[in-house]
>>> print(open('protein_15.cif').read())   # mmCIF, C-alpha atoms
data_entry
loop_
_atom_site.label_atom_id
_atom_site.label_comp_id
_atom_site.auth_asym_id
_atom_site.auth_seq_id
_atom_site.Cartn_x
_atom_site.Cartn_y
_atom_site.Cartn_z
CA MET A 1 50.34 -136.65 34.49
CA THR A 2 54.09 -137.21 34.36
CA ILE A 3 56.04 -136.61 37.55
CA PRO A 4 59.84 -136.24 37.37
CA CYS A 5 61.99 -138.11 39.94
CA SER A 6 63.15 -134.77 41.37
CA ASN A 7 59.60 -134.06 42.51
CA LEU A 8 59.28 -137.19 44.60
CA ASP A 9 60.60 -135.49 47.76
CA ASP A 10 58.08 -132.67 47.37
CA LEU A 11 55.29 -135.24 47.24
CA LEU A 12 56.62 -137.08 50.29
CA LEU A 13 56.97 -133.79 52.18
CA ASP A 14 53.38 -132.86 51.38
CA GLY A 15 52.29 -136.30 52.56
CA THR A 16 48.60 -135.86 51.64
CA PRO A 17 46.74 -138.87 50.15
CA GLN A 18 46.70 -137.12 46.75
CA SER A 19 50.46 -136.53 46.80
CA MET A 20 51.13 -140.11 47.88
CA GLN A 21 48.90 -141.38 45.04
CA LEU A 22 50.89 -139.33 42.52
CA ALA A 23 54.11 -140.69 43.98
CA ALA A 24 52.81 -144.23 43.65
CA GLN A 25 51.87 -143.62 40.03
CA HIS A 26 55.36 -142.34 39.30
CA ALA A 27 56.98 -145.23 41.20
CA ALA A 28 55.07 -147.76 39.10
CA GLY A 29 57.25 -146.84 36.15
CA CYS A 30 60.47 -145.93 38.02
CA PRO A 31 62.29 -148.74 39.87
CA ALA A 32 64.59 -146.36 41.82
CA CYS A 33 61.74 -144.24 43.14
CA ALA A 34 59.71 -147.40 43.76
CA GLU A 35 62.40 -148.62 46.16
CA THR A 36 62.45 -145.27 47.93
CA LEU A 37 58.68 -145.17 48.21
CA GLU A 38 58.55 -148.75 49.44
CA SER A 39 60.88 -148.13 52.38
CA TRP A 40 59.10 -144.83 53.08
CA ASN A 41 55.73 -146.57 53.30
CA ASP A 42 57.27 -149.49 55.18
CA ILE A 43 58.41 -147.14 57.94
CA SER A 44 54.94 -145.57 58.16
CA ALA A 45 53.24 -148.98 58.24
CA THR A 46 55.61 -150.25 60.93
CA ALA A 47 55.12 -147.07 62.98
CA GLY A 48 51.35 -147.43 62.66
CA SER A 49 51.59 -150.82 64.34
CA MET A 50 53.55 -149.47 67.28
CA ARG A 51 50.64 -147.86 69.06
CA THR A 52 50.68 -149.81 72.26
CA THR A 53 48.11 -150.55 74.92
CA TRP A 54 48.31 -152.71 77.98
CA THR A 55 46.14 -153.42 80.95
CA SER A 56 47.35 -151.80 84.14
CA ASP A 57 44.72 -152.16 86.83
CA LEU A 58 47.00 -150.69 89.48
CA LEU A 59 47.97 -147.51 87.65
CA TRP A 60 44.81 -145.45 88.27
CA PRO A 61 44.59 -146.39 92.00
CA ARG A 62 48.27 -145.40 92.30
CA ILE A 63 47.67 -142.08 90.55
CA GLU A 64 44.56 -141.44 92.66
CA ARG A 65 46.46 -142.11 95.88
CA ARG A 66 49.28 -139.76 94.84
CA LEU A 67 46.77 -137.07 93.87
CA VAL A 68 45.10 -137.30 97.29
CA GLU A 69 48.49 -137.16 99.03
CA ASP A 70 49.53 -134.22 96.87
CA ARG A 71 46.28 -132.38 97.65
CA ARG A 72 46.72 -133.02 101.39
CA SER A 73 50.30 -131.78 101.37
CA ARG A 74 49.25 -128.65 99.44
CA LEU A 75 46.44 -127.98 101.91
CA SER A 76 48.73 -128.50 104.91
CA GLY A 77 51.23 -126.22 103.23
CA GLN A 78 48.52 -123.57 102.96
CA ALA A 79 47.61 -124.18 106.63
CA ARG A 80 51.20 -123.52 107.58
CA LEU A 81 51.09 -120.19 105.79
CA PRO A 82 49.53 -118.20 108.70
CA VAL A 83 52.27 -119.52 111.01
CA LEU A 84 54.84 -118.55 108.42
CA HIS A 85 53.21 -115.12 108.17
CA SER A 86 53.45 -114.69 111.98
CA VAL A 87 57.10 -115.69 111.95
CA ARG A 88 57.72 -113.26 109.12
CA ARG A 89 55.92 -110.47 111.02
CA VAL A 90 58.05 -111.07 114.15
CA ALA A 91 61.19 -111.17 112.03
CA ALA A 92 60.16 -107.93 110.30
CA ALA A 93 59.47 -106.27 113.69
CA MET A 94 62.86 -107.38 115.00
CA LEU A 95 64.53 -106.12 111.87
CA LEU A 96 62.76 -102.78 112.22
CA THR A 97 63.76 -102.49 115.89
CA VAL A 98 67.37 -103.29 115.11
CA GLY A 99 67.28 -100.81 112.24
CA LEU A 100 65.79 -98.00 114.36
CA GLY A 101 68.18 -98.75 117.23
CA GLY A 102 71.11 -98.64 114.86
CA THR A 103 69.95 -95.34 113.38
CA MET A 104 69.50 -93.78 116.85
CA TRP A 105 72.90 -95.03 117.98
CA TYR A 106 74.47 -93.54 114.88
CA ALA A 107 72.65 -90.20 115.38
CA LEU A 108 73.73 -89.99 119.06
CA ARG A 109 77.27 -90.88 118.12
CA GLU A 110 77.33 -88.14 115.51
CA GLN A 111 75.87 -85.71 118.06
CA ALA A 112 78.60 -86.62 120.55
CA HIS A 113 81.22 -86.12 117.87
CA GLU A 114 79.78 -82.71 117.06
CA ALA A 115 79.78 -81.72 120.75
CA ALA A 116 83.39 -82.83 121.11
CA PHE A 117 84.26 -80.89 118.00
CA ASP A 118 82.53 -77.80 119.41
CA ARG A 119 84.45 -78.21 122.67
CA ARG A 120 87.68 -78.45 120.74
CA ILE A 121 86.82 -75.28 118.81
CA ILE A 122 86.00 -73.37 122.05
CA GLN A 123 89.17 -74.64 123.67
CA SER A 124 91.11 -73.70 120.59
CA SER A 125 89.65 -70.15 120.70
CA ALA A 126 90.56 -69.73 124.39
CA LEU A 127 94.04 -70.94 123.64
CA ASP A 128 94.38 -68.38 120.87
CA GLU A 129 93.47 -65.63 123.34
CA VAL A 130 96.00 -66.90 125.92
CA GLU A 131 98.69 -67.06 123.25
CA LYS A 132 97.84 -63.51 122.17
CA ALA A 133 98.26 -62.35 125.81
CA GLU A 134 101.56 -64.24 126.09
CA ASN A 135 102.80 -62.70 122.85
CA ALA A 136 101.83 -59.23 124.12
CA HIS A 137 103.79 -59.87 127.33
CA VAL A 138 106.78 -61.19 125.38
CA ALA A 139 106.78 -58.11 123.11
CA ALA A 140 106.47 -55.76 126.08
CA ILE A 141 109.22 -57.61 127.98
CA ALA A 142 111.55 -57.46 124.94
CA LYS A 143 111.00 -53.73 124.71
CA LEU A 144 111.58 -53.19 128.46
CA GLU A 145 114.66 -55.44 128.43
CA GLY A 146 116.13 -53.28 125.69
CA LEU A 147 115.59 -50.15 127.81
CA ALA A 148 116.73 -51.69 131.12
CA GLU A 149 119.79 -53.59 129.81
CA THR A 150 122.26 -50.70 130.01
CA ARG A 151 121.07 -49.63 133.44
CA LEU A 152 121.34 -53.17 134.82
CA GLU A 153 124.92 -53.58 133.53
CA GLU A 154 126.23 -50.16 134.50
CA THR A 155 124.55 -49.66 137.90
CA GLU A 156 125.98 -51.76 140.79
CA THR A 157 123.74 -50.62 143.64
CA PRO A 158 122.54 -53.38 146.01
CA LEU A 159 118.97 -52.85 144.83
CA MET A 160 119.95 -53.20 141.20
CA VAL A 161 121.96 -56.38 141.95
CA SER A 162 118.88 -57.73 143.68
CA TYR A 163 116.74 -56.92 140.56
CA LYS A 164 119.32 -58.68 138.36
CA GLU A 165 119.18 -61.82 140.49
CA LYS A 166 115.40 -61.76 140.49
CA LEU A 167 115.32 -61.39 136.69
CA MET A 168 117.80 -64.28 136.28
CA LEU A 169 115.61 -66.49 138.48
CA LEU A 170 112.51 -65.45 136.52
CA ASP A 171 114.26 -66.20 133.16
CA ASP A 172 115.16 -69.71 134.37
CA ALA A 173 111.62 -70.31 135.63
CA ILE A 174 110.11 -68.91 132.39
CA ALA A 175 112.39 -71.10 130.23
CA GLU A 176 111.44 -74.17 132.24
CA CYS A 177 107.72 -73.33 132.06
CA GLU A 178 107.88 -72.61 128.28
CA ALA A 179 109.47 -76.02 127.73
CA ALA A 180 106.66 -77.65 129.74
CA VAL A 181 104.00 -75.68 127.79
CA ASP A 182 105.57 -76.81 124.47
CA ARG A 183 105.08 -80.39 125.59
CA ASN A 184 101.42 -79.79 126.48
CA ARG A 185 99.94 -76.65 125.02
CA GLN A 186 96.45 -77.53 126.34
CA ASN A 187 97.59 -77.41 129.99
CA ALA A 188 95.73 -74.39 131.36
CA HIS A 189 97.59 -74.40 134.71
CA LEU A 190 100.99 -74.12 133.03
CA ARG A 191 99.75 -71.39 130.70
CA LYS A 192 98.44 -69.50 133.74
CA GLN A 193 101.79 -69.86 135.52
CA LEU A 194 103.66 -68.73 132.43
CA LEU A 195 101.45 -65.67 132.08
CA ALA A 196 102.05 -64.85 135.76
CA MET A 197 105.82 -65.17 135.26
CA TYR A 198 105.71 -62.93 132.17
CA SER A 199 103.70 -60.43 134.17
CA ASP A 200 106.15 -60.59 137.07
CA LYS A 201 109.15 -60.09 134.75
CA GLN A 202 107.42 -57.20 133.01
CA GLN A 203 106.67 -55.61 136.39
CA THR A 204 110.29 -56.15 137.57
CA LEU A 205 111.69 -54.55 134.42
CA GLU A 206 109.37 -51.58 134.86
CA ASP A 207 110.58 -51.34 138.49
CA VAL A 208 114.21 -51.34 137.26
CA LEU A 209 113.49 -48.48 134.86
CA ARG A 210 111.59 -46.55 137.51
CA GLU A 211 114.40 -47.12 140.05
CA ASP A 212 116.94 -45.97 137.55
CA THR A 213 114.88 -42.86 136.91
CA HIS A 214 114.79 -42.19 140.69
CA VAL A 215 118.54 -42.73 140.91
CA SER A 216 119.26 -40.49 137.93
CA THR A 217 117.01 -37.77 139.13
CA PRO A 218 118.82 -35.46 141.53
CA MET B 1 28.80 -130.76 82.34
CA LEU B 2 32.48 -131.42 82.90
CA GLN B 3 32.15 -135.07 82.05
CA ALA B 4 30.40 -134.09 78.85
CA ALA B 5 33.32 -131.87 78.03
CA ILE B 6 35.79 -134.72 78.40
CA THR B 7 33.94 -137.08 76.09
CA GLY B 8 34.79 -135.12 72.93
CA THR B 9 37.30 -136.30 70.31
CA PHE B 10 41.03 -135.73 70.81
CA PRO B 11 42.41 -133.15 71.03
CA GLY B 12 39.48 -130.75 70.81
CA ILE B 13 37.67 -132.39 73.66
CA ALA B 14 35.85 -129.32 74.77
CA THR B 15 35.10 -125.72 74.10
CA ASN B 16 37.28 -123.06 75.71
CA THR B 17 34.73 -122.40 78.43
CA ASP B 18 34.41 -126.06 79.26
CA ASP B 19 38.19 -126.44 79.18
CA ARG B 20 38.54 -123.69 81.76
CA ARG B 21 35.92 -125.31 83.98
CA LEU B 22 37.76 -128.60 83.56
CA ALA B 23 41.03 -126.96 84.54
CA ALA B 24 39.36 -125.36 87.57
CA ALA B 25 38.02 -128.74 88.67
CA CYS B 26 41.52 -130.24 88.31
CA ALA B 27 43.04 -127.37 90.28
CA ALA B 28 40.51 -128.02 93.03
CA GLY B 29 41.60 -131.67 93.09
CA ASP B 30 38.31 -133.18 91.91
CA THR B 31 39.27 -136.85 91.75
CA LYS B 32 36.26 -137.80 89.64
CA VAL B 33 37.35 -135.42 86.90
CA PHE B 34 40.87 -136.85 86.99
CA GLU B 35 39.43 -140.36 86.77
CA GLU B 36 37.40 -139.36 83.73
CA ILE B 37 40.49 -137.88 82.09
CA TYR B 38 42.36 -141.10 82.81
CA ARG B 39 39.53 -143.19 81.40
CA ARG B 40 39.43 -141.04 78.27
CA PHE B 41 43.14 -140.49 77.63
CA GLY B 42 44.97 -143.00 79.81
CA ASP B 43 45.65 -145.53 77.04
CA ARG B 44 46.89 -142.92 74.62
CA MET B 45 49.01 -141.31 77.30
CA LYS B 46 50.60 -144.68 78.12
CA SER B 47 51.27 -145.32 74.44
CA VAL B 48 52.92 -141.92 73.89
CA ALA B 49 55.02 -142.39 77.02
CA TRP B 50 55.95 -145.96 76.07
CA ASN B 51 57.01 -144.91 72.57
CA HIS B 52 59.25 -142.24 74.10
CA LEU B 53 60.65 -144.20 77.02
CA GLY B 54 60.59 -147.79 75.75
CA ASN B 55 59.39 -149.58 78.87
CA VAL B 56 56.17 -149.99 80.83
CA SER B 57 57.52 -148.93 84.23
CA ASP B 58 58.93 -145.61 83.04
CA ALA B 59 55.86 -144.98 80.89
CA GLU B 60 53.48 -145.48 83.84
CA ASP B 61 55.67 -143.26 86.04
CA ALA B 62 55.52 -140.56 83.36
CA VAL B 63 51.71 -140.80 83.16
CA GLN B 64 51.43 -140.56 86.95
CA GLU B 65 53.80 -137.59 87.04
CA THR B 66 51.74 -135.92 84.33
CA PHE B 67 48.57 -136.20 86.45
CA LEU B 68 50.36 -134.65 89.44
CA LYS B 69 51.62 -131.80 87.25
CA ILE B 70 48.09 -131.24 85.93
CA HIS B 71 46.85 -131.01 89.53
CA ARG B 72 49.58 -128.59 90.55
CA SER B 73 49.44 -126.31 87.51
CA ALA B 74 45.82 -126.48 86.34
CA SER B 75 45.27 -123.06 87.91
CA THR B 76 47.75 -121.62 85.39
CA TYR B 77 45.88 -123.03 82.38
CA THR B 78 45.01 -120.05 80.17
CA GLY B 79 42.81 -121.72 77.56
CA GLU B 80 45.06 -120.84 74.61
CA ALA B 81 45.25 -124.50 73.61
CA SER B 82 42.61 -127.14 74.27
CA PHE B 83 42.86 -128.82 77.65
CA SER B 84 43.71 -132.19 76.08
CA THR B 85 46.53 -130.61 74.03
CA TRP B 86 47.79 -129.03 77.25
CA ILE B 87 47.74 -132.45 78.96
CA PHE B 88 49.75 -134.06 76.15
CA ARG B 89 52.19 -131.16 76.15
CA ILE B 90 52.85 -131.86 79.83
CA LEU B 91 53.18 -135.58 79.10
CA VAL B 92 55.70 -135.09 76.28
CA ASN B 93 57.76 -132.70 78.39
CA THR B 94 57.68 -135.19 81.26
CA CYS B 95 58.97 -137.86 78.87
CA PHE B 96 61.75 -135.48 77.70
CA ASP B 97 62.74 -134.91 81.35
CA ALA B 98 62.80 -138.66 81.98
CA LEU B 99 64.98 -139.22 78.91
CA ARG B 100 67.41 -136.53 80.04
CA LYS B 101 67.61 -138.04 83.51
CA ARG B 102 68.27 -141.42 81.95
CA LYS B 103 71.06 -139.97 79.82
CA ARG B 104 72.65 -138.52 82.94
CA ARG B 105 72.71 -141.95 84.53
CA VAL B 106 75.75 -143.13 82.61
CA ASP B 107 75.72 -146.64 84.01
CA GLU B 108 72.14 -147.32 83.12
CA ALA B 109 71.87 -149.75 80.25
CA PRO B 110 69.17 -149.20 77.63
CA ILE B 111 66.07 -151.09 78.60
CA GLU B 112 64.71 -153.51 76.04
CA GLU B 113 61.31 -154.43 77.26
CA GLU B 114 58.45 -155.59 75.11
CA VAL B 115 54.93 -155.35 76.40
CA GLU B 116 53.69 -158.89 76.78
CA THR B 117 50.10 -157.88 77.26
CA ALA B 118 50.11 -155.36 74.46
CA GLU B 119 47.26 -155.43 72.04
CA ARG B 120 48.59 -154.24 68.72
CA THR B 121 46.34 -152.70 66.15
CA ALA B 122 48.21 -154.38 63.28
CA PRO B 123 49.55 -157.74 64.48
CA SER B 124 50.43 -158.79 60.93
CA VAL B 125 53.42 -156.45 60.71
CA ASP B 126 56.71 -158.14 61.29
CA ASP B 127 58.01 -157.83 64.87
CA ALA B 128 61.57 -157.50 63.56
CA LYS B 129 60.61 -154.31 61.76
CA ARG B 130 59.12 -152.86 64.93
CA ILE B 131 62.21 -153.70 66.95
CA THR B 132 64.43 -152.13 64.26
CA LEU B 133 62.32 -149.00 64.09
CA ARG B 134 62.28 -148.69 67.90
CA LYS B 135 66.09 -148.81 67.97
CA LEU B 136 66.26 -146.18 65.24
CA LEU B 137 63.84 -143.97 67.16
CA ASP B 138 66.17 -144.14 70.17
CA GLU B 139 68.85 -142.47 68.07
CA LEU B 140 66.66 -139.49 67.12
CA THR B 141 66.67 -136.10 68.79
CA GLU B 142 63.85 -135.40 71.26
CA GLN B 143 61.92 -133.20 68.86
CA ARG B 144 62.20 -135.51 65.86
CA ARG B 145 61.22 -138.48 67.95
CA ALA B 146 58.21 -136.64 69.36
CA VAL B 147 56.97 -135.46 65.95
CA PHE B 148 57.39 -138.93 64.43
CA THR B 149 55.72 -140.66 67.38
CA LEU B 150 52.76 -138.29 67.56
CA PHE B 151 52.15 -138.31 63.78
CA GLU B 152 53.04 -141.80 62.59
CA ILE B 153 52.23 -143.82 65.70
CA GLU B 154 49.52 -141.84 67.46
CA GLY B 155 47.93 -140.40 64.34
CA LEU B 156 47.78 -136.78 65.44
CA SER B 157 47.62 -134.00 62.83
CA HIS B 158 50.46 -131.55 62.25
CA ALA B 159 48.27 -128.78 63.72
CA GLU B 160 47.83 -130.77 66.94
CA ILE B 161 51.52 -131.67 67.09
CA GLY B 162 52.41 -128.00 66.57
CA GLU B 163 50.28 -127.02 69.57
CA ILE B 164 51.72 -129.76 71.77
CA LEU B 165 55.36 -129.06 70.91
CA GLY B 166 55.05 -125.31 70.52
CA ILE B 167 56.03 -125.26 66.82
CA SER B 168 54.20 -124.27 63.66
CA GLU B 169 52.18 -126.73 61.59
CA GLY B 170 54.56 -126.29 58.64
CA ASN B 171 57.55 -126.85 60.87
CA SER B 172 56.01 -130.06 62.17
CA LYS B 173 55.52 -131.24 58.57
CA TRP B 174 59.12 -130.43 57.66
CA ILE B 175 60.52 -132.10 60.78
CA LEU B 176 58.54 -135.27 59.99
CA PHE B 177 59.88 -135.31 56.43
CA ALA B 178 63.49 -134.83 57.60
CA THR B 179 63.04 -137.48 60.28
CA LYS B 180 61.67 -140.02 57.86
CA LYS B 181 64.53 -139.30 55.47
CA GLU B 182 66.98 -139.92 58.30
CA LEU B 183 65.19 -143.13 59.31
CA GLN B 184 64.97 -144.27 55.68
CA GLU B 185 68.74 -144.10 55.23
CA LYS B 186 69.29 -146.26 58.32
CA TRP B 187 66.31 -148.46 57.50
CA LYS B 188 67.84 -149.37 54.11
CA ARG B 189 71.16 -150.24 55.74
CA THR B 190 69.63 -152.48 58.40
CA LYS B 191 67.18 -154.19 55.97
CA PRO B 192 64.78 -155.56 58.60
#
>>> encode(input="protein_15.cif", output="structure tokens")
Amino acid sequence: MTIPCSNLDDLLLDGTPQSMQLAAQHAAGCPACAETLESWNDISATAGSMRTTWTSDLLWPRIERRLVEDRRSRLSGQARLPVLHSVRRVAAAMLLTVGLGGTMWYALREQAHEAAFDRRIIQSSALDEVEKAENAHVAAIAKLEGLAETRLEETETPLMVSYKEKLMLLDDAIAECEAAVDRNRQNAHLRKQLLAMYSDKQQTLEDVLREDTHVSTP
Amino acid sequence: MLQAAITGTFPGIATNTDDRRLAAACAAGDTKVFEEIYRRFGDRMKSVAWNHLGNVSDAEDAVQETFLKIHRSASTYTGEASFSTWIFRILVNTCFDALRKRKRRVDEAPIEEEVETAERTAPSVDDAKRITLRKLLDELTEQRRAVFTLFEIEGLSHAEIGEILGISEGNSKWILFATKKELQEKWKRTKP
């Protein structure tokens, strides 16, 4: 059986005794392949001699000692596990407590915020009502002032002069109180005072008109 | 029973059932079983480690480390490969780790240590050739060196090498061929 040189690698790759025998047969008549096969076999032969043994009386005792130590450390590690479990349980309990406490604190805080918000809404509603009353007074006063203006300017009776002075004093006081209310609209005392002043002025203007009616009536 | 399992031929030293019992005994830390494994495979383990690491001290450290790893991970042995194949897989990986650590130690000079007490199976082969081949093996990649060592030096089959290195039988065959081609080129240049 003739083997071409190009097939030598296939035989070496296969590496079975039969393939190596065919390669040797081919190499017998082919100097180039013979050189290749020689170095190939030389490497294998050299490698085959490299299996090494030596006496080491201390190696097994050393391994045995390390195995015993390793086993002991593993067992002691397992013995520590219950302690570790206890520590973990305590840590978990603490974590849970902190978590629950935090949640409760947050809930109470939210509740407080809601209550404050409700208070603000109630306060705001009361304020609206006060402002409505003030506006009603202001509208009524404006209407009365329009009716009483001519009478106050034309009539010079002592009573009318007295009404004029009173109205001037009330206007000054109202202006001062309105300025104070603008600075602090939540101040219930000031709003109460202002309402009282509006009421007083409205009453005074009504008195002026009534007085004028009395005067005009024969 | 367990001792009987260990006395088989490498690597199929036992049936799957016996291998699992062997692994269980190792996981339990049965020193007698470890001693039997050492008695059965110690020499071969030392040889594989020595042919990877090149000196007795590192080789013995690798064998010791392998026994500790067997003890620690025997409970994870699934029985897919034979127990002996599993042991040699751990050994080869331990040798790879040692080689990587050595590479990281930049200042460490390559150790040239011959085993004075070694008993060679073929004392007629020229020592110069062995020294040359050992130097050439040092230049190989981990995988090529492992395949060459396990096949040409330790005499394992490609099927066994495939199981140890986690590659196919055909791949092992191809890697050996490519490795020998690489060695042959350098071998011709050095002419030992």
>>> closest_residue(input="protein_15.cif", among="B:Val63, B:Ile153, B:Ala128, B:Leu140", to="B:Arg89", atoms="only C-alpha atoms")
B:Val63
>>> interface_residues(input="protein_15.cif", of="chain A", to="chain B", cutoff="8 Å", atoms="only C-alpha atoms", output="PyMOL selection string")
chain A and resi 12-14+39-40+43-55+59-60+62-64+66-68+70-71
>>> write_last_selection(input="protein_15.cif", atoms="C-alpha atoms", output="short mmCIF file (atom, residue, chain, number, x, y, z; two decimals), keeping the file's coordinate frame")
data_model
loop_
_atom_site.label_atom_id
_atom_site.label_comp_id
_atom_site.auth_asym_id
_atom_site.auth_seq_id
_atom_site.Cartn_x
_atom_site.Cartn_y
_atom_site.Cartn_z
CA LEU A 12 56.62 -137.08 50.29
CA LEU A 13 56.97 -133.79 52.18
CA ASP A 14 53.38 -132.86 51.38
CA SER A 39 60.88 -148.13 52.38
CA TRP A 40 59.10 -144.83 53.08
CA ILE A 43 58.41 -147.14 57.94
CA SER A 44 54.94 -145.57 58.16
CA ALA A 45 53.24 -148.98 58.24
CA THR A 46 55.61 -150.25 60.93
CA ALA A 47 55.12 -147.07 62.98
CA GLY A 48 51.35 -147.43 62.66
CA SER A 49 51.59 -150.82 64.34
CA MET A 50 53.55 -149.47 67.28
CA ARG A 51 50.64 -147.86 69.06
CA THR A 52 50.68 -149.81 72.26
CA THR A 53 48.11 -150.55 74.92
CA TRP A 54 48.31 -152.71 77.98
CA THR A 55 46.14 -153.42 80.95
CA LEU A 59 47.97 -147.51 87.65
CA TRP A 60 44.81 -145.45 88.27
CA ARG A 62 48.27 -145.40 92.30
CA ILE A 63 47.67 -142.08 90.55
CA GLU A 64 44.56 -141.44 92.66
CA ARG A 66 49.28 -139.76 94.84
CA LEU A 67 46.77 -137.07 93.87
CA VAL A 68 45.10 -137.30 97.29
CA ASP A 70 49.53 -134.22 96.87
CA ARG A 71 46.28 -132.38 97.65
#
>>> atom_distance(input="protein_15.cif", atom1="atom CA of A:Leu169", atom2="atom CA of A:Gln193")
14.5 Å
>>> atom_distance(input="protein_15.cif", atom1="atom CA of B:Leu22", atom2="atom CA of B:Ile164")
18.3 Å
>>> atom_distance(input="protein_15.cif", atom1="atom CA of B:Glu169", atom2="atom CA of B:Ser82")
15.9 Å
>>> residues_around(input="protein_15.cif", residues="A:Leu195", least_positions_apart="6", cutoff="9 Å", atoms="all atoms listed in the file", output="JSON, numbers by chain")
{"A": [130, 133, 134, 137]}
>>> residues_near_point(input="protein_15.cif", point="(42.1, -124.4, 83.0)", cutoff="9 Å", atoms="all atoms listed in the file", output="list in words")
Asn16, Thr17, Asp18, Asp19, Arg20, Arg21, Leu22, Ala23, Ala24, Ala25, Cys26, Ala27, Ser73, Ala74, Ser75, Thr76, Tyr77, Thr78, Gly79 and Phe83 of chain B
>>> residues_around(input="protein_15.cif", residues="stretch 171-184 of chain A", least_positions_apart="4", cutoff="8 Å", atoms="all atoms listed in the file", output="ChimeraX atom specification")
/A:167,190-191,193-194,197-198
